[in-house]
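Structure data (PDB, C-alpha atoms) from data04.pdb:
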ATOM      1  CA  MET J  78     220.842 113.337  -2.010
ATOM      2  CA  LYS J  79     217.183 113.686  -3.009
ATOM      3  CA  LEU J  80     218.130 114.297  -6.626
ATOM      4  CA  LYS J  81     220.338 111.215  -6.601
ATOM      5  CA  ILE J  82     217.537 109.037  -5.197
ATOM      6  CA  LEU J  83     215.202 110.416  -7.866
ATOM      7  CA  SER J  84     217.791 109.611 -10.503
ATOM      8  CA  HIS J  85     218.085 106.065  -9.144
ATOM      9  CA  THR J  86     214.298 105.778  -9.324
ATOM     10  CA  LEU J  87     214.262 106.885 -12.945
ATOM     11  CA  LEU J  88     217.080 104.468 -13.744
ATOM     12  CA  ALA J  89     214.920 101.579 -12.516
ATOM     13  CA  CYS J  90     212.724 102.092 -15.560
ATOM     14  CA  THR J  91     214.997 104.131 -17.819
ATOM     15  CA  PHE J  92     214.770 101.481 -20.516
ATOM     16  CA  PHE J  93     210.961 101.754 -20.451
ATOM     17  CA  PHE J  94     210.386 105.409 -21.309
ATOM     18  CA  ILE J  95     212.317 107.399 -23.924
ATOM     19  CA  LEU J  96     211.414 111.062 -24.403
ATOM     20  CA  SER J  97     209.386 111.987 -27.485
ATOM     21  CA  CYS J  98     211.708 113.620 -29.964
ATOM     22  CA  ASP J  99     212.012 115.727 -33.062
ATOM     23  CA  LEU J 100     214.214 113.305 -34.914
ATOM     24  CA  THR J 101     217.444 113.757 -36.813
ATOM     25  CA  ASP J 102     218.014 109.992 -37.087
ATOM     26  CA  SER J 103     215.620 108.508 -39.637
ATOM     27  CA  ASP J 104     217.221 105.326 -41.001
ATOM     28  CA  ASP J 105     214.865 102.423 -40.356
ATOM     29  CA  LEU J 106     216.485  99.196 -39.237
ATOM     30  CA  GLY J 107     216.228  96.165 -41.450
ATOM     31  CA  GLY J 108     216.055  92.576 -40.342
ATOM     32  CA  SER J 109     213.339  90.149 -39.382
ATOM     33  CA  GLN J 110     210.913  90.449 -36.477
ATOM     34  CA  SER J 111     212.559  89.641 -33.135
ATOM     35  CA  GLU J 112     210.758  87.530 -30.548
ATOM     36  CA  MET J 113     211.624  90.261 -28.032
ATOM     37  CA  GLY J 114     208.985  92.425 -29.697
ATOM     38  CA  GLU J 115     206.281  89.760 -29.658
ATOM     39  CA  THR J 116     203.126  90.275 -27.567
ATOM     40  CA  GLY J 117     203.548  88.953 -24.043
ATOM     41  CA  ASN J 118     207.326  89.305 -23.784
ATOM     42  CA  THR J 119     208.334  90.734 -20.405
ATOM     43  CA  PHE J 120     211.412  92.724 -19.376
ATOM     44  CA  SER J 121     212.806  92.953 -15.850
ATOM     45  CA  THR J 122     215.748  94.436 -13.919
ATOM     46  CA  SER J 123     218.235  92.693 -11.653
ATOM     47  CA  SER J 124     217.080  94.429  -8.464
ATOM     48  CA  SER J 125     214.952  97.231  -7.070
ATOM     49  CA  LEU J 126     216.722 100.563  -6.683
ATOM     50  CA  PRO J 127     216.128 103.132  -3.926
ATOM     51  CA  GLY J 128     212.747 104.819  -4.305
ATOM     52  CA  ALA J 129     211.355 102.319  -6.817
ATOM     53  CA  SER J 130     209.852  98.842  -6.608
ATOM     54  CA  ASN J 131     207.711  96.416  -8.600
ATOM     55  CA  ALA J 132     209.088  97.668 -11.926
ATOM     56  CA  SER J 133     207.844  95.722 -14.929
ATOM     57  CA  ALA J 134     207.487  96.141 -18.669
ATOM     58  CA  THR J 135     205.566  93.969 -21.124
ATOM     59  CA  ILE J 136     204.935  93.998 -24.861
ATOM     60  CA  THR J 137     201.155  94.434 -25.031
ATOM     61  CA  GLU J 138     200.697  94.790 -28.801
ATOM     62  CA  LEU J 139     202.511  94.095 -32.055
ATOM     63  CA  ASN J 140     201.190  95.828 -35.159
ATOM     64  CA  ASN J 141     203.005  95.871 -38.522
ATOM     65  CA  GLY J 142     206.356  95.334 -36.847
ATOM     66  CA  VAL J 143     205.846  98.020 -34.178
ATOM     67  CA  SER J 144     205.655  96.791 -30.580
ATOM     68  CA  THR J 145     203.863  98.666 -27.797
ATOM     69  CA  LEU J 146     205.755  98.302 -24.525
ATOM     70  CA  THR J 147     203.716  99.081 -21.397
ATOM     71  CA  TYR J 148     205.579  99.748 -18.151
ATOM     72  CA  SER J 149     204.691 100.192 -14.482
ATOM     73  CA  VAL J 150     206.737 101.044 -11.386
ATOM     74  CA  SER J 151     205.799 101.905  -7.796
ATOM     75  CA  VAL J 152     207.336 105.140  -6.451
ATOM     76  CA  THR J 153     206.860 105.976  -2.770
ATOM     77  CA  ASN J 154     207.969 109.612  -2.440
ATOM     78  CA  ASN J 155     205.467 112.324  -3.422
ATOM     79  CA  SER J 156     208.207 114.798  -4.370
ATOM     80  CA  TYR J 157     209.686 112.312  -6.804
ATOM     81  CA  LEU J 158     206.242 111.501  -8.166
ATOM     82  CA  SER J 159     205.653 115.200  -8.891
ATOM     83  CA  LEU J 160     208.954 115.469 -10.752
ATOM     84  CA  ILE J 161     208.260 112.308 -12.762
ATOM     85  CA  GLN J 162     204.824 113.670 -13.622
ATOM     86  CA  SER J 163     206.501 116.698 -15.210
ATOM     87  CA  LEU J 164     208.287 114.433 -17.711
ATOM     88  CA  SER J 165     206.907 113.705 -21.139
ATOM     89  CA  GLY J 166     205.419 110.215 -21.210
ATOM     90  CA  PRO J 167     204.808 108.777 -17.714
ATOM     91  CA  SER J 168     201.422 108.985 -15.959
ATOM     92  CA  VAL J 169     201.094 109.027 -12.183
ATOM     93  CA  SER J 170     198.175 107.545 -10.247
ATOM     94  CA  GLY J 171     198.716 107.340  -6.517
ATOM     95  CA  ASN J 172     202.155 105.778  -6.090
ATOM     96  CA  THR J 173     202.106 104.045  -9.450
ATOM     97  CA  VAL J 174     203.911 105.376 -12.518
ATOM     98  CA  THR J 175     202.766 103.904 -15.826
ATOM     99  CA  GLY J 176     203.256 104.583 -19.491
ATOM    100  CA  GLU J 177     204.007 103.070 -22.841
ATOM    101  CA  GLY J 178     206.338 103.440 -25.764
ATOM    102  CA  LYS J 179     206.521 102.081 -29.288
ATOM    103  CA  TYR J 180     209.571 100.218 -30.507
ATOM    104  CA  ARG J 181     210.740  98.071 -33.378
ATOM    105  CA  PHE J 182     212.676  94.965 -32.319
ATOM    106  CA  THR J 183     214.425  93.230 -35.212
ATOM    107  CA  SER J 184     217.279  90.803 -35.741
ATOM    108  CA  GLU J 185     219.428  93.858 -36.616
ATOM    109  CA  GLY J 186     218.661  96.162 -33.686
ATOM    110  CA  ILE J 187     216.122  98.172 -31.711
ATOM    111  CA  GLU J 188     214.602 101.549 -32.527
ATOM    112  CA  ALA J 189     212.079 103.847 -30.893
ATOM    113  CA  VAL J 190     209.089 104.686 -33.102
ATOM    114  CA  TYR J 191     207.389 108.087 -32.941
ATOM    115  CA  ASP J 192     204.671 109.789 -34.944
ATOM    116  CA  ASP J 193     207.315 111.794 -36.808
ATOM    117  CA  GLY J 194     209.954 109.131 -37.355
ATOM    118  CA  THR J 195     212.270 106.651 -35.656
ATOM    119  CA  LEU J 196     215.360 106.821 -33.455
ATOM    120  CA  THR J 197     217.938 104.035 -33.406
ATOM    121  CA  LEU J 198     218.659 102.746 -29.900
ATOM    122  CA  VAL J 199     221.104 100.099 -31.070
ATOM    123  CA  ASP J 200     222.258  98.705 -34.398
ATOM    124  CA  TYR J 201     223.872  95.296 -33.908
ATOM    125  CA  GLY J 202     226.156  96.093 -36.827
ATOM    126  CA  ALA J 203     227.293  99.354 -35.213
ATOM    127  CA  LYS J 204     230.810 100.740 -35.330
ATOM    128  CA  VAL J 205     232.536 102.815 -32.664
ATOM    129  CA  GLY J 206     231.730 106.470 -33.313
ATOM    130  CA  ASP J 207     228.235 105.924 -34.745
ATOM    131  CA  VAL J 208     225.905 108.654 -33.421
ATOM    132  CA  TYR J 209     222.104 108.816 -33.056
ATOM    133  CA  THR J 210     220.493 112.111 -31.981
ATOM    134  CA  CYS J 211     217.165 113.745 -31.238
ATOM    135  CA  THR J 212     215.880 116.976 -29.700
ATOM    136  CA  HIS J 213     213.133 117.508 -27.139
ATOM    137  CA  GLY J 214     212.360 121.023 -25.980
ATOM    138  CA  ASN J 215     215.694 122.406 -24.785
ATOM    139  CA  ALA J 216     217.275 118.959 -24.535
ATOM    140  CA  ASN J 217     219.644 117.743 -27.232
ATOM    141  CA  ILE J 218     219.934 113.999 -26.694
ATOM    142  CA  LYS J 219     222.968 112.253 -28.167
ATOM    143  CA  ARG J 220     223.587 108.501 -28.237
ATOM    144  CA  GLU J 221     227.083 107.487 -29.330
ATOM    145  CA  VAL J 222     228.527 104.008 -29.796
ATOM    146  CA  THR J 223     231.643 104.013 -27.604
ATOM    147  CA  GLU J 224     232.603 100.330 -27.626
ATOM    148  CA  VAL J 225     231.955  97.251 -29.753
ATOM    149  CA  ALA J 226     233.372  94.173 -28.041
ATOM    150  CA  THR J 227     235.213  91.581 -30.109
ATOM    151  CA  GLU J 228     235.274  89.007 -27.304
ATOM    152  CA  ASP J 229     233.057  87.938 -24.401
ATOM    153  CA  ASP J 230     233.975  90.423 -21.649
ATOM    154  CA  PHE J 231     230.723  91.394 -19.880
ATOM    155  CA  PHE J 232     229.220  89.184 -17.154
ATOM    156  CA  TRP J 233     225.458  88.774 -17.527
ATOM    157  CA  GLY J 234     222.997  85.983 -16.766
ATOM    158  CA  GLY J 235     225.710  83.729 -15.352
ATOM    159  CA  MET J 236     227.915  83.955 -18.449
ATOM    160  CA  MET J 237     230.265  86.248 -20.352
ATOM    161  CA  ILE J 238     228.866  87.940 -23.467
ATOM    162  CA  LYS J 239     229.901  90.467 -26.120
ATOM    163  CA  THR J 240     228.224  93.876 -25.857
ATOM    164  CA  ILE J 241     227.800  97.115 -27.750
ATOM    165  CA  GLU J 242     228.158 100.137 -25.459
ATOM    166  CA  VAL J 243     226.063 103.226 -26.201
ATOM    167  CA  GLU J 244     226.627 106.421 -24.207
ATOM    168  CA  GLU J 245     223.741 108.865 -23.884
ATOM    169  CA  THR J 246     224.028 112.519 -22.856
ATOM    170  CA  GLY J 247     221.713 115.529 -22.889
ATOM    171  CA  ARG J 248     218.571 113.912 -21.445
ATOM    172  CA  GLY J 249     218.402 116.433 -18.578
ATOM    173  CA  ILE J 250     217.652 114.054 -15.681
ATOM    174  CA  PRO J 251     218.499 115.944 -12.443
ATOM    175  CA  GLY J 252     221.907 114.943 -11.061
ATOM    176  CA  VAL J 253     222.803 112.671 -14.006
ATOM    177  CA  SER J 254     225.705 113.473 -16.348
ATOM    178  CA  LYS J 255     225.236 110.497 -18.682
ATOM    179  CA  ILE J 256     223.658 107.047 -19.031
ATOM    180  CA  VAL J 257     225.570 104.140 -20.542
ATOM    181  CA  TYR J 258     223.644 101.254 -22.103
ATOM    182  CA  ARG J 259     224.984  97.840 -23.100
ATOM    183  CA  TYR J 260     223.295  95.729 -25.765
ATOM    184  CA  ASN J 261     223.854  92.207 -27.045
ATOM    185  CA  HIS J 262     222.785  90.951 -30.483
ATOM    186  CA  LYS J 263     220.940  87.985 -28.923
ATOM    187  CA  PHE J 264     219.639  89.396 -25.628
ATOM    188  CA  GLY J 265     218.961  93.052 -26.520
ATOM    189  CA  LEU J 266     219.432  95.616 -23.732
ATOM    190  CA  VAL J 267     221.406  93.934 -20.947
ATOM    191  CA  ASN J 268     222.584  96.818 -18.753
ATOM    192  CA  ALA J 269     221.840 100.474 -18.000
ATOM    193  CA  LYS J 270     224.147 102.547 -15.800
ATOM    194  CA  ALA J 271     223.752 106.163 -14.716
ATOM    195  CA  PHE J 272     226.753 108.346 -13.937
ATOM    196  CA  PHE J 273     225.979 111.133 -11.469
ATOM    197  CA  GLU J 274     227.356 114.649 -11.327
ATOM    198  CA  ASP J 275     229.030 113.927  -7.956
ATOM    199  CA  GLY J 276     231.202 111.250  -9.545
ATOM    200  CA  THR J 277     229.237 108.201  -8.357
ATOM    201  CA  SER J 278     227.259 105.752 -10.477
ATOM    202  CA  ALA J 279     224.511 103.118 -10.248
ATOM    203  CA  GLY J 280     223.360 100.483 -12.680
ATOM    204  CA  THR J 281     221.005  97.592 -13.225
ATOM    205  CA  LEU J 282     221.096  94.498 -15.385
ATOM    206  CA  VAL J 283     218.154  94.061 -17.763
ATOM    207  CA  TYR J 284     216.576  90.781 -18.836
ATOM    208  CA  SER J 285     214.102  89.834 -21.553
ATOM    209  CA  ASP J 286     212.059  86.626 -21.375
ATOM    210  CA  SER J 287     212.509  86.222 -25.143
ATOM    211  CA  GLN J 288     215.623  86.442 -27.296
ATOM    212  CA  ASN J 289     216.616  87.105 -30.893
TER     213      ASN J 289
END
Please express what this file holds, its structure, as structure tokens.
Amino acid sequence: MKLKILSHTLLACTFFFILSCDLTDSDDLGGSQSEMGETGNTFSTSSSLPGASNASATITELNNGVSTLTYSVSVTNNSYLSLIQSLSGPSVSGNTVTGEGKYRFTSEGIEAVYDDGTLTLVDYGAKVGDVYTCTHGNANIKREVTEVATEDDFFWGGMMIKTIEVEETGRGIPGVSKIVYRYNHKFGLVNAKAFFEDGTSAGTLVYSDSQN
């Protein structure tokens, strides 16, 4: 149960921090600058999940097409804070977890930007079966496009929209077997859902103040 609550806590800000990687995906996205990557844009989730509250993420800098996203979330359990502190990226001060990541938001997709390269998170022109990978320590993270909708079939923001589904495995979050992300070409990341090793799942909708 504790591992599941921790996993729920991490899911609350799973779209904020992506592990640093030794990259095998190196194709930069094209396209024009998206307003989602402009300074001041804020991201939010649909609701607080157990063990986490006051989650927020804001673009704090845009430099040569690379956006710095700064996140913060309040975590109340010291055991969970210790485990989060062992991850690469987040910093813990009291009950507050903070950190930042660098991303490129364009009209053609979103990618994470690291010192040694880039990793595609979504390509809006993706096809089912497209794969993006990276390694981190003993973790071999794989992101595979499992669905590209041809009609509006996902309910979000009071309407039905088309989405691209990307399934991620190998991250090594305790109790989690995979995380499934849904993206939309106009709204970016719209949903993140964790599937747990006991067969249950939990998800959250994601919103951006700005759009493509």
- Shell around range 200-207 of chain J at 10 Å using all atoms listed in the file, local window under 2 positions removed, as an NGL selection string: :J and (106-107 or 183-188 or 197-198 or 209 or 220-226 or 240-243 or 260-263 or 265)
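Here the PyMOL selection byres ((chain J and resi 146) around 6) captures the residues J:Thr135, J:Ile136, J:Thr145, J:Thr147, J:Glu177, J:Gly178.
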- Task: Return the single residue from J:Ser133, J:Thr116, J:Val253, J:Val143 that is closest to Tyr284 in chain J, with distances computed using all atoms listed in the file.
- Result: J:Ser133
- Message: Please list as a list in words every residue within 6 Å of Thr173 in chain J, counting all atoms listed in the file and excluding residues in the same chain fewer than 2 positions away.
- Response: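 With the cut-off at 6 Å, the set is Val150, Ser151, Val169, Ser170 and Gly171 of chain J.
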- Query: CA of Leu282 in chain J and CA of Glu138 in chain J, how far apart in Å?
  - Reply: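 Separating CA of Glu138 in chain J from CA of Leu282 in chain J is a distance of 24.4 Å.
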- Query: In Å to one decimal, how far is CA of Pro251 in chain J from CA of Thr277 in chain J?
  - Reply: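 Straight-line distance from CA of Thr277 in chain J to CA of Pro251 in chain J works out to 13.9 Å.
When CA of Gly114 in chain J is paired with CA of Val174 in chain J, their separation reads 22.1 Å.
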- Task: For Phe231 in chain J, please output as a VMD selection string all residues within 10 Å (counting all atoms listed in the file; exclusion window: fewer than 6 positions along the same chain).
- Result: chain J and resid 237 to 240 259 261 267 to 268
